[in-house]
>>> print(open('coords12.cif').read())   # mmCIF, C-alpha atoms
data_target
loop_
_atom_site.label_atom_id
_atom_site.label_comp_id
_atom_site.auth_asym_id
_atom_site.auth_seq_id
_atom_site.Cartn_x
_atom_site.Cartn_y
_atom_site.Cartn_z
CA MET J 8 3.58 -65.84 69.04
CA ALA J 9 4.98 -68.12 66.31
CA SER J 10 4.24 -71.82 66.40
CA LYS J 11 7.11 -74.05 67.49
CA ILE J 12 6.61 -76.92 64.99
CA PRO J 13 9.73 -79.06 64.63
CA GLY J 14 11.30 -78.80 61.16
CA LEU J 15 10.51 -82.43 60.40
CA PHE J 16 6.77 -81.79 60.46
CA ARG J 17 6.56 -78.58 58.44
CA GLY J 18 4.59 -78.44 55.15
CA ASN J 19 6.78 -80.01 52.46
CA ARG J 20 8.53 -82.46 54.76
CA LEU J 21 5.24 -83.76 56.07
CA ARG J 22 4.00 -84.20 52.50
CA GLU J 23 7.21 -86.05 51.57
CA ILE J 24 6.84 -88.37 54.58
CA GLY J 25 3.23 -88.99 53.54
CA ARG J 26 4.34 -89.85 49.99
CA LEU J 27 6.99 -92.24 51.28
CA LEU J 28 4.42 -93.92 53.52
CA VAL J 29 2.03 -94.30 50.57
CA ILE J 30 4.80 -95.88 48.48
CA ALA J 31 5.86 -98.19 51.32
CA LEU J 32 2.25 -99.22 52.00
CA SER J 33 1.58 -99.77 48.30
CA LEU J 34 4.66 -101.97 47.92
CA ALA J 35 3.77 -103.90 51.10
CA ILE J 36 0.27 -104.55 49.71
CA ALA J 37 1.83 -105.61 46.39
CA LEU J 38 4.05 -108.11 48.22
CA LEU J 39 1.07 -109.44 50.15
CA VAL J 40 -0.94 -109.85 46.92
CA ASN J 41 2.03 -111.60 45.32
CA PHE J 42 2.35 -114.12 48.16
CA ARG J 43 -1.41 -114.67 48.39
CA LEU J 44 -1.56 -115.54 44.69
CA PHE J 45 0.89 -118.45 44.98
CA GLY J 46 -0.82 -121.80 44.51
CA THR J 47 -3.96 -120.29 42.97
CA PRO J 48 -5.46 -121.47 39.67
CA PHE J 49 -4.55 -118.07 38.18
CA VAL J 50 -0.84 -118.52 38.90
CA ASP J 51 -0.98 -122.12 37.70
CA ALA J 52 -2.47 -120.91 34.41
CA VAL J 53 0.18 -118.18 34.09
CA SER J 54 2.90 -120.79 34.76
CA ARG J 55 1.51 -123.01 31.98
CA TRP J 56 1.22 -120.02 29.60
CA THR J 57 4.81 -119.02 30.43
CA ALA J 58 6.03 -122.57 29.70
CA VAL J 59 4.14 -122.65 26.39
CA SER J 60 5.62 -119.26 25.44
CA ALA J 61 9.15 -120.33 26.36
CA ALA J 62 8.78 -123.58 24.39
CA GLY J 63 7.43 -121.67 21.39
CA ALA J 64 10.33 -119.21 21.48
CA LEU J 65 12.88 -121.99 21.88
CA ASN J 66 11.37 -123.97 18.99
CA ALA J 67 11.39 -120.83 16.84
CA LEU J 68 15.10 -120.56 17.63
CA GLY J 69 15.65 -124.20 16.56
CA ALA J 70 16.01 -125.81 20.01
CA SER J 71 13.46 -128.59 19.35
CA VAL J 72 11.82 -128.69 22.78
CA VAL J 73 8.57 -130.19 24.00
CA ASN J 74 6.17 -128.67 26.46
CA THR J 75 4.07 -130.70 28.87
CA GLY J 76 2.14 -128.58 31.36
CA THR J 77 4.81 -126.45 32.98
CA ILE J 78 7.76 -128.58 31.85
CA VAL J 79 9.91 -127.36 28.95
CA GLY J 80 12.57 -129.77 27.79
CA SER J 81 14.67 -131.45 25.19
CA SER J 82 16.86 -134.56 25.24
CA SER J 83 19.66 -132.55 26.85
CA PHE J 84 17.92 -130.31 29.40
CA ALA J 85 14.53 -129.56 30.95
CA TYR J 86 13.06 -127.19 33.48
CA ASN J 87 9.78 -126.71 35.31
CA VAL J 88 8.18 -123.27 35.17
CA VAL J 89 6.94 -122.60 38.71
CA ALA J 90 5.23 -119.44 39.98
CA GLU J 91 8.57 -117.74 40.69
CA CYS J 92 9.58 -118.33 37.05
CA THR J 93 6.75 -116.15 35.76
CA ALA J 94 6.73 -112.37 35.56
CA ILE J 95 3.89 -112.13 38.11
CA GLY J 96 6.06 -111.03 41.04
CA PRO J 97 7.95 -108.27 39.21
CA ILE J 98 4.72 -107.08 37.55
CA ILE J 99 2.87 -106.85 40.87
CA LEU J 100 5.70 -104.92 42.49
CA PHE J 101 6.03 -102.63 39.47
CA ALA J 102 2.27 -102.04 39.46
CA GLY J 103 2.38 -101.27 43.19
CA ALA J 104 5.05 -98.63 42.59
CA VAL J 105 3.10 -97.16 39.68
CA LEU J 106 -0.13 -97.01 41.67
CA ALA J 107 1.64 -95.34 44.61
CA TYR J 108 3.07 -92.56 42.45
CA GLN J 109 1.18 -89.33 41.93
CA ALA J 110 -0.07 -89.51 38.36
CA THR J 111 -3.31 -89.57 36.42
CA TRP J 112 -5.18 -92.86 36.20
CA ARG J 113 -4.59 -92.86 32.45
CA SER J 114 -0.84 -92.55 32.99
CA ARG J 115 -0.96 -95.32 35.60
CA LEU J 116 -2.84 -97.59 33.19
CA VAL J 117 -0.26 -96.91 30.47
CA GLY J 118 2.55 -97.60 32.95
CA ILE J 119 1.08 -100.86 34.19
CA SER J 120 0.33 -102.02 30.63
CA MET J 121 3.88 -101.18 29.59
CA GLY J 122 5.21 -103.03 32.63
CA VAL J 123 3.17 -106.16 31.91
CA VAL J 124 4.38 -106.34 28.31
CA LEU J 125 8.04 -105.46 28.89
CA LEU J 126 8.53 -107.48 32.08
CA SER J 127 6.85 -110.50 30.44
CA ALA J 128 9.09 -110.12 27.38
CA LEU J 129 12.23 -109.87 29.52
CA ASN J 130 11.12 -112.92 31.50
CA LEU J 131 10.75 -114.84 28.23
CA VAL J 132 14.30 -113.83 27.25
CA ARG J 133 15.41 -115.00 30.71
CA LEU J 134 13.77 -118.42 30.31
CA VAL J 135 15.18 -118.92 26.81
CA SER J 136 18.68 -117.99 27.93
CA LEU J 137 18.44 -120.23 31.01
CA PHE J 138 17.47 -123.16 28.79
CA TYR J 139 20.57 -122.69 26.64
CA ILE J 140 22.79 -122.16 29.68
CA GLY J 141 21.37 -125.30 31.30
CA ALA J 142 21.82 -127.32 28.11
CA TYR J 143 25.32 -126.15 27.16
CA PHE J 144 26.88 -124.69 30.33
CA PRO J 145 25.14 -126.43 33.25
CA ASN J 146 27.81 -125.41 35.75
CA TYR J 147 26.83 -121.78 35.23
CA LEU J 148 23.08 -122.32 35.55
CA PRO J 149 22.76 -121.60 39.30
CA MET J 150 24.73 -118.36 38.98
CA ALA J 151 22.76 -117.24 35.92
CA HIS J 152 19.43 -118.23 37.45
CA TYR J 153 19.82 -116.93 41.01
CA LEU J 154 22.28 -114.07 40.66
CA VAL J 155 22.42 -112.62 37.18
CA TRP J 156 18.80 -112.88 36.07
CA GLN J 157 17.18 -112.04 39.41
CA ALA J 158 19.30 -108.91 39.66
CA ALA J 159 18.62 -108.06 36.01
CA ILE J 160 14.83 -108.36 36.41
CA ILE J 161 14.85 -106.20 39.56
CA LEU J 162 17.10 -103.59 37.96
CA PHE J 163 14.97 -103.55 34.82
CA ALA J 164 11.77 -103.08 36.86
CA ILE J 165 13.33 -100.17 38.76
CA LEU J 166 14.64 -98.54 35.58
CA LEU J 167 11.29 -99.05 33.87
CA TRP J 168 9.50 -97.40 36.79
CA LEU J 169 11.97 -94.48 36.73
CA PHE J 170 11.43 -94.10 32.98
CA TRP J 171 7.67 -94.16 33.45
CA ALA J 172 7.75 -91.70 36.37
CA ASP J 173 10.04 -89.31 34.50
CA ARG J 174 8.66 -89.48 30.96
CA LEU J 175 5.12 -90.79 30.97
CA THR J 176 3.38 -89.30 34.00
CA GLY J 177 2.96 -85.82 32.57
CA ARG J 178 4.52 -84.28 35.66
CA ALA J 179 6.70 -81.27 35.08
CA HIS J 180 10.21 -81.57 36.48
CA GLY J 181 12.04 -78.42 37.39
#
>>> encode(input="coords12.cif", output="structure tokens")
Amino acid sequence: MASKIPGLFRGNRLREIGRLLVIALSLAIALLVNFRLFGTPFVDAVSRWTAVSAAGALNALGASVVNTGTIVGSSSFAYNVVAECTAIGPIILFAGAVLAYQATWRSRLVGISMGVVLLSALNLVRLVSLFYIGAYFPNYLPMAHYLVWQAAIILFAILLWLFWADRLTGRAHG
């Protein structure tokens, strides 16, 4: 007599549900790690490093800014680089997605390294652009800060993960 297993729990579907659960759990752990890091000396150091990097980039572009701790400013505009202004959150979530995906550890290491570099670079571009928007178009700063750049960082992280999963994991796609 044949087994009466509902279609949902047959072979491939069960494996797919398991994969989705692993991804969901990995992302939940990444979110927990992200929130647990807030207010730690590590995040404070990353915030200071991010401010120094933004000030250096702005000065290289001729903005003539000063950096004091996490403050980046000029005579016309200044901002404070807080934990949410760093690339830590997007990097942790990206790393969680990479770790949850079936791939070799070498491929995962390459993916996470790529994510750290590219997400940090995009965050630097974000901070530089927000400085100029704040200095020259202050009415548009909230929209650029909360809508445009947050969406852009999330979209970039998703596209970067898709690129990594498709091109750099060594998995054959049929």
>>> closest_residue(input="coords12.cif", among="J:Ala62, J:Ala85, J:Ala107, J:Ala164", to="Ala142 (chain J)", atoms="all atoms listed in the file")
J:Ala85
>>> resolve_selection(input="coords12.cif", expression="the PyMOL selection byres ((chain J and resi 124) around 12)", output="PyMOL selection string")
chain J and resi 94-95+97-98+101+117-123+125-131+164+167
>>> atom_distance(input="coords12.cif", atom1="CA of Gln109 (chain J)", atom2="CA of Leu169 (chain J)")
13.0 Å
>>> residues_around(input="coords12.cif", residues="Asn87 (chain J)", least_positions_apart="4", cutoff="10 Å", atoms="all atoms listed in the file", output="mmCIF file with C-alpha atoms, keeping the file's coordinate frame")
data_model
loop_
_atom_site.group_PDB
_atom_site.id
_atom_site.type_symbol
_atom_site.label_atom_id
_atom_site.label_comp_id
_atom_site.auth_asym_id
_atom_site.auth_seq_id
_atom_site.Cartn_x
_atom_site.Cartn_y
_atom_site.Cartn_z
ATOM 1 C CA SER J 54 2.900 -120.790 34.760
ATOM 2 C CA ARG J 55 1.510 -123.010 31.980
ATOM 3 C CA ALA J 58 6.030 -122.570 29.700
ATOM 4 C CA ASN J 74 6.170 -128.670 26.460
ATOM 5 C CA THR J 75 4.070 -130.700 28.870
ATOM 6 C CA GLY J 76 2.140 -128.580 31.360
ATOM 7 C CA THR J 77 4.810 -126.450 32.980
ATOM 8 C CA ILE J 78 7.760 -128.580 31.850
ATOM 9 C CA VAL J 79 9.910 -127.360 28.950
ATOM 10 C CA GLY J 80 12.570 -129.770 27.790
ATOM 11 C CA CYS J 92 9.580 -118.330 37.050
#
>>> closest_residue(input="coords12.cif", among="J:Leu44, J:Ala70, J:Leu106, J:Ile30", to="Ala90 (chain J)", atoms="only C-alpha atoms")
J:Leu44
>>> atom_distance(input="coords12.cif", atom1="CA of Glu91 (chain J)", atom2="CA of Arg43 (chain J)")
13.0 Å
>>> residues_around(input="coords12.cif", residues="Thr176 (chain J)", least_positions_apart="6", cutoff="9 Å", atoms="only C-alpha atoms", output="MDAnalysis selection string")
chainID J and resid 109:111 113:115 118
>>> build_atoms(input="coords12.cif", residues="region 17-45 of chain J", atoms="N, CA and C atoms", output="compact mmCIF listing (two decimals), in the coordinates of the input")
# COMPACT_ATOMS: atom_id res chain seq x y z
N ARG J 17 7.03 -79.75 59.18
CA ARG J 17 6.56 -78.58 58.44
C ARG J 17 6.15 -78.99 57.04
N GLY J 18 5.15 -78.32 56.50
CA GLY J 18 4.59 -78.44 55.15
C GLY J 18 5.18 -79.48 54.23
N ASN J 19 6.23 -79.12 53.50
CA ASN J 19 6.78 -80.01 52.46
C ASN J 19 7.34 -81.30 53.03
N ARG J 20 7.97 -81.24 54.18
CA ARG J 20 8.53 -82.46 54.76
C ARG J 20 7.43 -83.43 55.16
N LEU J 21 6.36 -82.91 55.70
CA LEU J 21 5.24 -83.76 56.07
C LEU J 21 4.63 -84.42 54.83
N ARG J 22 4.50 -83.65 53.75
CA ARG J 22 4.00 -84.20 52.50
C ARG J 22 4.93 -85.28 51.97
N GLU J 23 6.24 -85.06 52.05
CA GLU J 23 7.21 -86.05 51.57
C GLU J 23 7.13 -87.33 52.40
N ILE J 24 6.99 -87.19 53.71
CA ILE J 24 6.84 -88.37 54.58
C ILE J 24 5.57 -89.11 54.20
N GLY J 25 4.49 -88.38 53.96
CA GLY J 25 3.23 -88.99 53.54
C GLY J 25 3.39 -89.75 52.24
N ARG J 26 4.10 -89.18 51.28
CA ARG J 26 4.34 -89.85 49.99
C ARG J 26 5.15 -91.13 50.18
N LEU J 27 6.18 -91.04 51.02
CA LEU J 27 6.99 -92.24 51.28
C LEU J 27 6.16 -93.32 51.95
N LEU J 28 5.29 -92.93 52.86
CA LEU J 28 4.42 -93.92 53.52
C LEU J 28 3.46 -94.56 52.53
N VAL J 29 2.92 -93.76 51.60
CA VAL J 29 2.03 -94.30 50.57
C VAL J 29 2.77 -95.30 49.70
N ILE J 30 4.00 -94.96 49.31
CA ILE J 30 4.80 -95.88 48.48
C ILE J 30 5.11 -97.15 49.26
N ALA J 31 5.54 -97.01 50.51
CA ALA J 31 5.86 -98.19 51.32
C ALA J 31 4.63 -99.07 51.52
N LEU J 32 3.48 -98.46 51.81
CA LEU J 32 2.25 -99.22 52.00
C LEU J 32 1.83 -99.91 50.70
N SER J 33 1.94 -99.20 49.59
CA SER J 33 1.58 -99.77 48.30
C SER J 33 2.47 -100.98 47.96
N LEU J 34 3.76 -100.86 48.20
CA LEU J 34 4.66 -101.97 47.92
C LEU J 34 4.42 -103.13 48.89
N ALA J 35 4.09 -102.84 50.14
CA ALA J 35 3.77 -103.90 51.10
C ALA J 35 2.51 -104.65 50.66
N ILE J 36 1.51 -103.91 50.20
CA ILE J 36 0.27 -104.55 49.71
C ILE J 36 0.58 -105.38 48.47
N ALA J 37 1.45 -104.86 47.59
CA ALA J 37 1.83 -105.61 46.39
C ALA J 37 2.51 -106.92 46.77
N LEU J 38 3.40 -106.88 47.76
CA LEU J 38 4.05 -108.11 48.22
C LEU J 38 3.04 -109.09 48.79
N LEU J 39 2.10 -108.59 49.57
CA LEU J 39 1.07 -109.44 50.15
C LEU J 39 0.23 -110.10 49.06
N VAL J 40 -0.17 -109.31 48.05
CA VAL J 40 -0.94 -109.85 46.92
C VAL J 40 -0.12 -110.92 46.21
N ASN J 41 1.16 -110.64 45.99
CA ASN J 41 2.03 -111.60 45.32
C ASN J 41 2.06 -112.93 46.08
N PHE J 42 2.27 -112.89 47.38
CA PHE J 42 2.35 -114.12 48.16
C PHE J 42 1.01 -114.82 48.29
N ARG J 43 -0.08 -114.06 48.30
CA ARG J 43 -1.41 -114.67 48.39
C ARG J 43 -1.81 -115.37 47.09
N LEU J 44 -1.23 -114.94 45.98
CA LEU J 44 -1.56 -115.54 44.69
C LEU J 44 -0.91 -116.91 44.48
N PHE J 45 0.20 -117.19 45.17
CA PHE J 45 0.89 -118.45 44.98
C PHE J 45 -0.04 -119.62 45.24
